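**Student:** Pasting a structure here, questions to come.
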Amino acid sequence: MTRRPNALTAAKLPTVVAMCAAMAAGLSMTAVRAAPPAVAAPVDLSPVKEVHGRSALPDGWQHGAFIEIFVRGFQDSDGDGIGDLRGVTRRLDYLKDLGIKGIWLMPITASADRDHGYATTDYRAIEPQYGTLADFDELIREAHKRGIGVVMDYVINHSAREHPLFNAAAADPASPWRDWFVWTSQPLSALKDWDIWGKTPWYLPGEEVPDLPEGASAPPKPESTAQSPAGSPRYFAVFGPHMPDFNMRNPAVVKYHEDSLRFWLNRGLDGYRLDAVPHLFENSATDWNDQPESRALTGEFTRQIKRYPHRFVVCEATAEPKVYTRDEICGSAFAFGLERAVIAAARGGDGSAEAVDKVARFFTEAPLSMATMLSNHDIFAGKRAWDQFEGDEARYKLAAATYLLLPGTPFIYYGEEIGQAGVAGLPGDAPLRAPMSWAAEAVGAAGAAGAAGFSTGSPFRPASPNIATHNAQAQAADPGSLLNFYKTMLALRNSQPAIARGRYEGPLAQGQVLSFQRAYKDQRVLVVINYGRDPVEVALPRLPAKARLLALHSSPAGTPAPAAAPPRTVTADSQGRLTLTAAPLSVQVFRVR
């Protein structure tokens with residue numbers, strides 16, 4: 001194997017290159033070249049200088065809500081049935097009206113999979129089906145005009161096996177690109193202790209990938225054949241043979257990623273979602289997940305990105321997300337596990353009170369800069385919210401209010417705001433990645449300017465089964481819809497700095513009722529959510545003395561707020577105590593004065 005343990009820590013790493021050079025000294029089976037090979041590279045590996053420019057976004061923009069967009073499934077602009085960057089640009093006014101402040105684009109670089117995009121073939125090129133660099137530049141400009149930042153997925157850990165550098169490395173053991181990836185000549189019998197998610201991560205070049213079964217979160221990893229010739233080299237691929245891992249102990253690999261990150265930042269990109277960062281290094285068959293070196297290198301990439309003003313980084317780190325949220329590593333990471341507690345609390349039933357308590361306690365133990373969600377593009381994080389709530393919109397709204405009003409940076413998965421359902425019967429994660437339901441029909445009128453549907457052609461994947469009722473057009477016209485509820489919650493977040501970036505104080509779980517306060521400078525907001533079907537008298541003992549509470553929002557989650565209801569004001573006693581009535585399945589938000 002080309003990766004061996006070492007004792008480096010973040011404190012010993014002044015730069016990425018220094019770290020990798022030190023690591024290279026511990027390698028025994030493949031020499032690491034610190035300088036780029038002399039032969040011409042099959043892809044652009046040229047150095048990229050920092051060009052900062054001026055950010056078009058206000059300070060703190062990243063405290064607003066983001067939307068995660070699967071570009072292939074969002075909006076088609078040219079009738080080929082595949083979403084593209086021009087389609088995203090076309091829908092920016094919809095996102096602004098919703099209250100979105102940031103966009104996370106799932107991978108948009110050239111890929112071999114032609115679907116999810118995580119099998120990258122060129123880190124400095126746009127996926128041809130999505131458009132051009134000019135389309136990307138236009139999207140950035142137009143988003144910034146609307147006060148919306150754009151971050152994109154960056155897949156650091158691995159490339160596609162179709163990547164030109166991997167092709168060259170696999171074809172010739174003497175290739176100058178060989179040590180850009182991780183290889184071993186040990187027989188499979190000597191690698192038997194390697195078990196990642198039930199399978200070996202070591203593969204022979206050319207091994208095929210079986211089809212994904214329905215509901216699988218990643219391709220099953222086939223057992224490599226033991227009949228291969230002795231000494232046949234195998235490569236390491238934690239996510240399966242179609243995505244070989246980079247050798248992060250090679251300084252040239254790290255430099256390539258640094259340069260590629262700058263390539264997009266120089267074009268005005270506002271940051272990154274860094275994919276699968278706990279897997280950058282593996283030290284042994286037992287020490288393969290979330291190694292100290294992975295944290296250290298992730299921190300160095302983050303510092304490189306944040307040399308640009310007003311940039312944002314969020315990491316996917318399922319192992320220890322709270323750790324990766326530290327400023328010296330990522331600054332933000334997805335709060336995996338919180339989404340399940342929020343949904344369990346909102347669904348009610350057995351265990352709901354325990355889930356409410358878990359939600360109440362979460363941000364007393366976690367950094368407030370974590371990223372939150374109800375679901376995302378991966379099935380391991382759960383089905384689409386509509387399917388998890390089985391169409392119960394009142395409880396769906398309670399879950400939305402919870403995570404949009406709690407601390408953290410919320411990430412709405414495209415279609416979540418309209419109650420878009422998943423598409424059953426598709427393999428792997430595909431049920432979560434259907435075309436966006438813009439109108440009752442996925443296909444608009446051919447040749448019609450601004451056709452309402454996803455495409456004027458044949459969509460790449462079947463439409464959501466509830467498209468007839470839960471589409472953006474119909475939801476916008478219904479005052480009590482999910483879409484309008486999301487707009488209300490985001491309007492609160494955008495108008496109340498205490499909700500967007502405030503401290504988390506006074507959390508209380510009282511059976512099926514959650515209450516908490518958010519405070520920023522001299523502003524304080526109280527949130528009370530009743531997940532139960534009965535009214536509850538809620539004791540609030542931790543308010544400022546004689547505080548006056550002005551209602552900002554108060555209505556059962558199953559109905560729209562009264563259009564002309566006068567503001568309701570209540571007052572705490574001299575010891576800051578107050579009792580409120582929480583209606584069944586209700587959300588109440590108060591400004592505390």
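Naming works like this for the structure tokens: A, B, ... for the chains as they're shown, residue 1 at the start of each chain, ligands 1 onward in shown order.
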Show me, as a list in words, the residues that have an atom within 7 Å of Val155 in chain A when counting only C-alpha atoms, minus same-chain residues fewer than 6 positions from it.

**Tutor:**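 Close residues of Val155 in chain A: Tyr118, Leu274 and Asp275 of chain A.
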
**Student:** Go through range 287-406 of chain A residue by residue and, counting only C-alpha atoms, keep those with an atom at most 12 Å from range 61-69 of chain A; for each kept residue give the shortest atom pair and its distance in Å to one decimal, ordered by chain and increasing number, as JSON lines.

**Tutor:**
```
{"residue": "A:Pro309", "atom": "CA", "partner": "A:Trp61", "partner_atom": "CA", "distance": 11.9}
{"residue": "A:His310", "atom": "CA", "partner": "A:Trp61", "partner_atom": "CA", "distance": 8.2}
{"residue": "A:Arg311", "atom": "CA", "partner": "A:Gln62", "partner_atom": "CA", "distance": 8.4}
{"residue": "A:Phe312", "atom": "CA", "partner": "A:Gln62", "partner_atom": "CA", "distance": 6.7}
{"residue": "A:Val313", "atom": "CA", "partner": "A:Gln62", "partner_atom": "CA", "distance": 9.5}
{"residue": "A:Val314", "atom": "CA", "partner": "A:Gln62", "partner_atom": "CA", "distance": 10.4}
{"residue": "A:Gly331", "atom": "CA", "partner": "A:Gln62", "partner_atom": "CA", "distance": 11.6}
{"residue": "A:Ser332", "atom": "CA", "partner": "A:Gln62", "partner_atom": "CA", "distance": 10.6}
{"residue": "A:Leu368", "atom": "CA", "partner": "A:His63", "partner_atom": "CA", "distance": 10.6}
{"residue": "A:Ser369", "atom": "CA", "partner": "A:His63", "partner_atom": "CA", "distance": 8.6}
{"residue": "A:Met370", "atom": "CA", "partner": "A:His63", "partner_atom": "CA", "distance": 10.5}
{"residue": "A:Ala371", "atom": "CA", "partner": "A:Phe66", "partner_atom": "CA", "distance": 9.6}
{"residue": "A:Thr372", "atom": "CA", "partner": "A:Ala65", "partner_atom": "CA", "distance": 9.7}
{"residue": "A:Met373", "atom": "CA", "partner": "A:Phe66", "partner_atom": "CA", "distance": 9.8}
{"residue": "A:Leu374", "atom": "CA", "partner": "A:Glu68", "partner_atom": "CA", "distance": 11.6}
{"residue": "A:Ser375", "atom": "CA", "partner": "A:Glu68", "partner_atom": "CA", "distance": 10.2}
{"residue": "A:Asn376", "atom": "CA", "partner": "A:Glu68", "partner_atom": "CA", "distance": 7.7}
{"residue": "A:His377", "atom": "CA", "partner": "A:Glu68", "partner_atom": "CA", "distance": 8.5}
{"residue": "A:Asp378", "atom": "CA", "partner": "A:Glu68", "partner_atom": "CA", "distance": 11.9}
{"residue": "A:Ala400", "atom": "CA", "partner": "A:Ala65", "partner_atom": "CA", "distance": 11.9}
{"residue": "A:Tyr403", "atom": "CA", "partner": "A:Ala65", "partner_atom": "CA", "distance": 10.4}
{"residue": "A:Leu404", "atom": "CA", "partner": "A:Ala65", "partner_atom": "CA", "distance": 7.8}
{"residue": "A:Leu405", "atom": "CA", "partner": "A:Ala65", "partner_atom": "CA", "distance": 10.3}
{"residue": "A:Leu406", "atom": "CA", "partner": "A:Ala65", "partner_atom": "CA", "distance": 11.6}
```

**Student:** Give the answer as one residue: which of A:Trp177, A:Phe362, A:Phe301, A:Phe166 has the shortest atom-to-atom distance to Gly337 in chain A, using only C-alpha atoms?

**Tutor:**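 For Gly337 in chain A, the nearest of the candidates is A:Phe362.
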
**Student:** Measure the distance from CA of Val527 in chain A to CA of Arg591 in chain A in Å and round it to one decimal.

**Tutor:**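 These atoms are spaced 9.1 Å apart.
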
**Student:** Would you write out, as a Markdown table, a table of all residues in range 23-124 of chain A that have an atom no more than 12 Å from an atom of range 128-138 of chain A, listing for each the closest atom pair and the distance in Å to one decimal, considering only C-alpha atoms and ordering rows by chain and rising residue number?

**Tutor:**
```
| residue | atom | partner | partner_atom | distance |
| --- | --- | --- | --- | --- |
| A:Phe70 | CA | A:Tyr130 | CA | 10.9 |
| A:Val71 | CA | A:Tyr130 | CA | 7.5 |
| A:Arg72 | CA | A:Tyr130 | CA | 7.4 |
| A:Gly73 | CA | A:Tyr130 | CA | 10.8 |
| A:Phe74 | CA | A:Tyr130 | CA | 11.0 |
| A:Gln75 | CA | A:Tyr130 | CA | 10.4 |
| A:Asp76 | CA | A:Tyr130 | CA | 9.0 |
| A:Ser77 | CA | A:Tyr130 | CA | 9.7 |
| A:Asp78 | CA | A:Gly131 | CA | 10.0 |
| A:Gly79 | CA | A:Gln129 | CA | 11.6 |
| A:Asp80 | CA | A:Gln129 | CA | 9.0 |
| A:Gly81 | CA | A:Gln129 | CA | 10.1 |
| A:Ile82 | CA | A:Gln129 | CA | 7.3 |
| A:Gly83 | CA | A:Tyr130 | CA | 6.8 |
| A:Asp84 | CA | A:Tyr130 | CA | 4.1 |
| A:Leu85 | CA | A:Tyr130 | CA | 5.6 |
| A:Arg86 | CA | A:Asp135 | CA | 6.2 |
| A:Gly87 | CA | A:Tyr130 | CA | 9.0 |
| A:Val88 | CA | A:Phe136 | CA | 9.9 |
| A:Thr89 | CA | A:Glu138 | CA | 7.7 |
| A:Arg90 | CA | A:Glu138 | CA | 10.7 |
| A:Leu92 | CA | A:Glu138 | CA | 11.6 |
| A:Leu105 | CA | A:Phe136 | CA | 11.1 |
| A:Met106 | CA | A:Tyr130 | CA | 11.7 |
| A:Pro107 | CA | A:Tyr130 | CA | 10.4 |
| A:Ile108 | CA | A:Tyr130 | CA | 7.1 |
| A:Thr109 | CA | A:Pro128 | CA | 8.5 |
| A:Ala110 | CA | A:Pro128 | CA | 6.7 |
| A:Ser111 | CA | A:Pro128 | CA | 9.1 |
| A:Ala112 | CA | A:Pro128 | CA | 11.1 |
| A:Asp113 | CA | A:Gln129 | CA | 11.8 |
| A:Arg114 | CA | A:Gln129 | CA | 8.2 |
| A:Asp115 | CA | A:Gln129 | CA | 10.0 |
| A:Gly117 | CA | A:Tyr130 | CA | 10.8 |
| A:Thr121 | CA | A:Pro128 | CA | 11.6 |
| A:Asp122 | CA | A:Pro128 | CA | 11.0 |
| A:Arg124 | CA | A:Leu133 | CA | 9.4 |
```

**Student:** Deliver the residues from the most recent selection as a file, using C-alpha atoms, as a PDB file, in the first residue's frame.

**Tutor:**
```pdb
ATOM      1  CA  PHE A  70     -29.245  19.035  -8.491  1.00  0.00           C
ATOM      2  CA  VAL A  71     -28.687  20.937 -11.732  1.00  0.00           C
ATOM      3  CA  ARG A  72     -29.707  18.002 -13.926  1.00  0.00           C
ATOM      4  CA  GLY A  73     -33.090  17.978 -12.208  1.00  0.00           C
ATOM      5  CA  PHE A  74     -33.791  21.676 -11.666  1.00  0.00           C
ATOM      6  CA  GLN A  75     -34.620  23.380 -14.974  1.00  0.00           C
ATOM      7  CA  ASP A  76     -33.874  22.563 -18.608  1.00  0.00           C
ATOM      8  CA  SER A  77     -33.336  25.611 -20.837  1.00  0.00           C
ATOM      9  CA  ASP A  78     -32.732  24.011 -24.240  1.00  0.00           C
ATOM     10  CA  GLY A  79     -35.273  21.195 -24.557  1.00  0.00           C
ATOM     11  CA  ASP A  80     -32.911  18.227 -24.240  1.00  0.00           C
ATOM     12  CA  GLY A  81     -34.652  17.007 -21.068  1.00  0.00           C
ATOM     13  CA  ILE A  82     -31.642  17.707 -18.853  1.00  0.00           C
ATOM     14  CA  GLY A  83     -31.378  20.597 -16.420  1.00  0.00           C
ATOM     15  CA  ASP A  84     -28.549  23.054 -17.003  1.00  0.00           C
ATOM     16  CA  LEU A  85     -26.909  26.217 -15.698  1.00  0.00           C
ATOM     17  CA  ARG A  86     -29.016  28.510 -17.856  1.00  0.00           C
ATOM     18  CA  GLY A  87     -32.056  26.842 -16.342  1.00  0.00           C
ATOM     19  CA  VAL A  88     -30.832  27.688 -12.841  1.00  0.00           C
ATOM     20  CA  THR A  89     -30.276  31.295 -13.920  1.00  0.00           C
ATOM     21  CA  ARG A  90     -33.811  31.404 -15.311  1.00  0.00           C
ATOM     22  CA  LEU A  92     -33.226  32.878  -9.772  1.00  0.00           C
ATOM     23  CA  LEU A 105     -24.818  23.362  -6.717  1.00  0.00           C
ATOM     24  CA  MET A 106     -24.241  19.626  -6.688  1.00  0.00           C
ATOM     25  CA  PRO A 107     -21.236  18.767  -8.911  1.00  0.00           C
ATOM     26  CA  ILE A 108     -21.215  20.743 -12.151  1.00  0.00           C
ATOM     27  CA  THR A 109     -17.750  19.774 -13.379  1.00  0.00           C
ATOM     28  CA  ALA A 110     -17.258  17.263 -16.195  1.00  0.00           C
ATOM     29  CA  SER A 111     -18.050  13.750 -14.997  1.00  0.00           C
ATOM     30  CA  ALA A 112     -18.163  10.176 -16.186  1.00  0.00           C
ATOM     31  CA  ASP A 113     -21.446   9.234 -14.507  1.00  0.00           C
ATOM     32  CA  ARG A 114     -23.536  11.826 -16.401  1.00  0.00           C
ATOM     33  CA  ASP A 115     -25.920  11.904 -13.455  1.00  0.00           C
ATOM     34  CA  GLY A 117     -21.561  14.207 -11.010  1.00  0.00           C
ATOM     35  CA  THR A 121     -13.133  13.706 -15.157  1.00  0.00           C
ATOM     36  CA  ASP A 122     -12.024  17.348 -15.302  1.00  0.00           C
ATOM     37  CA  ARG A 124     -11.724  22.827 -14.415  1.00  0.00           C
TER      38      ARG A 124
END
```

**Student:** Can you check which residues of range 191-431 of chain A DSSP gives as helix (DSSP H, G or I) on the backbone and send them as a ChimeraX atom specification?

**Tutor:** /A:191,251-265,277-279,292-305,321-324,338-347,352-365,379-381,385-388,393-405,416-418,430-431

**Student:** Which polymer residues have any atom within 12 Å of an atom of Ser352 in chain A, counting only C-alpha atoms, with same-chain residues fewer than 3 positions away left out, as a compact mmCIF listing (two decimals) with N, CA, C and O atoms, in the first residue's frame?

**Tutor:**
```
# COMPACT_ATOMS: atom_id res chain seq x y z
N ARG A 340 -33.00 13.63 11.67
CA ARG A 340 -33.85 12.50 12.08
C ARG A 340 -34.61 12.84 13.36
O ARG A 340 -35.78 12.47 13.53
N ALA A 341 -33.95 13.55 14.28
CA ALA A 341 -34.61 13.95 15.52
C ALA A 341 -35.72 14.96 15.23
O ALA A 341 -36.82 14.89 15.81
N VAL A 342 -35.46 15.92 14.33
CA VAL A 342 -36.48 16.91 13.98
C VAL A 342 -37.69 16.23 13.37
O VAL A 342 -38.85 16.53 13.72
N ILE A 343 -37.47 15.31 12.46
CA ILE A 343 -38.58 14.62 11.80
C ILE A 343 -39.33 13.74 12.79
O ILE A 343 -40.56 13.69 12.79
N ALA A 344 -38.60 13.06 13.68
CA ALA A 344 -39.26 12.22 14.69
C ALA A 344 -40.10 13.07 15.63
O ALA A 344 -41.22 12.68 16.02
N ALA A 345 -39.60 14.24 16.02
CA ALA A 345 -40.38 15.14 16.88
C ALA A 345 -41.64 15.59 16.18
O ALA A 345 -42.75 15.58 16.75
N ALA A 346 -41.51 15.98 14.92
CA ALA A 346 -42.64 16.53 14.18
C ALA A 346 -43.68 15.47 13.83
O ALA A 346 -44.87 15.78 13.71
N ARG A 347 -43.26 14.24 13.69
CA ARG A 347 -44.21 13.17 13.33
C ARG A 347 -45.09 12.78 14.50
O ARG A 347 -46.15 12.19 14.31
N GLY A 348 -44.67 13.10 15.73
CA GLY A 348 -45.46 12.74 16.89
C GLY A 348 -45.40 11.25 17.15
O GLY A 348 -44.54 10.53 16.63
N GLY A 349 -46.29 10.74 17.98
CA GLY A 349 -46.32 9.31 18.26
C GLY A 349 -45.29 8.90 19.29
O GLY A 349 -44.67 9.73 19.97
N ALA A 355 -37.50 12.73 21.15
CA ALA A 355 -36.94 13.44 20.01
C ALA A 355 -36.97 14.95 20.25
O ALA A 355 -36.02 15.66 19.90
N VAL A 356 -38.05 15.45 20.86
CA VAL A 356 -38.13 16.88 21.17
C VAL A 356 -37.00 17.27 22.11
O VAL A 356 -36.35 18.31 21.93
N ASP A 357 -36.74 16.43 23.10
CA ASP A 357 -35.65 16.71 24.05
C ASP A 357 -34.30 16.71 23.33
O ASP A 357 -33.44 17.56 23.62
N LYS A 358 -34.11 15.79 22.39
CA LYS A 358 -32.85 15.74 21.64
C LYS A 358 -32.67 17.00 20.80
O LYS A 358 -31.57 17.56 20.73
N VAL A 359 -33.76 17.45 20.17
CA VAL A 359 -33.68 18.68 19.38
C VAL A 359 -33.35 19.86 20.28
O VAL A 359 -32.50 20.70 19.95
N ALA A 509 -37.72 21.49 26.61
CA ALA A 509 -38.56 20.44 26.05
C ALA A 509 -39.57 20.05 27.12
O ALA A 509 -39.20 19.55 28.18
N GLN A 510 -40.84 20.32 26.86
CA GLN A 510 -41.91 19.99 27.81
C GLN A 510 -42.88 19.06 27.10
O GLN A 510 -43.80 19.50 26.42
N GLY A 511 -42.61 17.75 27.23
CA GLY A 511 -43.40 16.78 26.50
C GLY A 511 -43.21 16.95 25.01
O GLY A 511 -42.10 16.83 24.49
N GLN A 512 -44.30 17.28 24.31
CA GLN A 512 -44.24 17.47 22.87
C GLN A 512 -44.16 18.95 22.48
O GLN A 512 -44.46 19.31 21.34
N VAL A 513 -43.72 19.77 23.41
CA VAL A 513 -43.56 21.20 23.13
C VAL A 513 -42.10 21.59 23.23
O VAL A 513 -41.42 21.27 24.22
N LEU A 514 -41.61 22.27 22.21
CA LEU A 514 -40.24 22.79 22.19
C LEU A 514 -40.30 24.31 22.25
O LEU A 514 -41.08 24.94 21.52
N ASN A 530 -45.54 23.39 19.22
CA ASN A 530 -46.27 22.28 19.82
C ASN A 530 -46.47 21.20 18.77
O ASN A 530 -47.20 21.38 17.79
N TYR A 531 -45.81 20.07 18.96
CA TYR A 531 -45.91 18.96 18.02
C TYR A 531 -47.09 18.04 18.34
O TYR A 531 -47.34 17.08 17.61
N GLY A 532 -47.79 18.31 19.43
CA GLY A 532 -48.89 17.43 19.86
C GLY A 532 -50.24 17.84 19.30
O GLY A 532 -50.42 18.94 18.77
```

**Student:** My list of candidates is A:Lys322, A:Phe181, A:Gln420, A:Phe336. Which is closest to Glu365 in chain A when distances are computed with only C-alpha atoms?

**Tutor:** A:Lys322

**Student:** Work out how far CA of Glu339 in chain A is from CA of Cys315 in chain A, in Å to one decimal.

**Tutor:**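 Those two atoms sit 16.2 Å apart.
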
**Student:** List every residue of range 429-519 of chain A that has an atom at most 10 Å from any atom of range 543-547 of chain A, giving for each one its closest atom pair and the distance in Å to one decimal, counting only C-alpha atoms, sorted by chain and then by ascending residue number, as JSON lines.

**Tutor:**
```
{"residue": "A:Glu505", "atom": "CA", "partner": "A:Leu543", "partner_atom": "CA", "distance": 9.9}
{"residue": "A:Gly506", "atom": "CA", "partner": "A:Leu543", "partner_atom": "CA", "distance": 8.2}
{"residue": "A:Gln517", "atom": "CA", "partner": "A:Leu543", "partner_atom": "CA", "distance": 8.8}
```

**Student:** Save the residues we just selected, C-alpha atoms, as an mmCIF file, in the first residue's frame?

**Tutor:**
```
data_model
loop_
_atom_site.group_PDB
_atom_site.id
_atom_site.type_symbol
_atom_site.label_atom_id
_atom_site.label_comp_id
_atom_site.auth_asym_id
_atom_site.auth_seq_id
_atom_site.Cartn_x
_atom_site.Cartn_y
_atom_site.Cartn_z
ATOM 1 C CA GLU A 505 -30.696 30.351 24.893
ATOM 2 C CA GLY A 506 -33.318 28.932 27.246
ATOM 3 C CA GLN A 517 -34.808 31.831 22.448
#
```

**Student:** I need the residues in range 52-89 of chain A that are strand (DSSP E) according to DSSP; give them as a ChimeraX atom specification.

**Tutor:** /A:66-69

**Student:** Which distance in Å separates CA of Thr571 in chain A and CA of Val592 in chain A, to one decimal?

**Tutor:**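 Distance between the two atoms: 9.3 Å.
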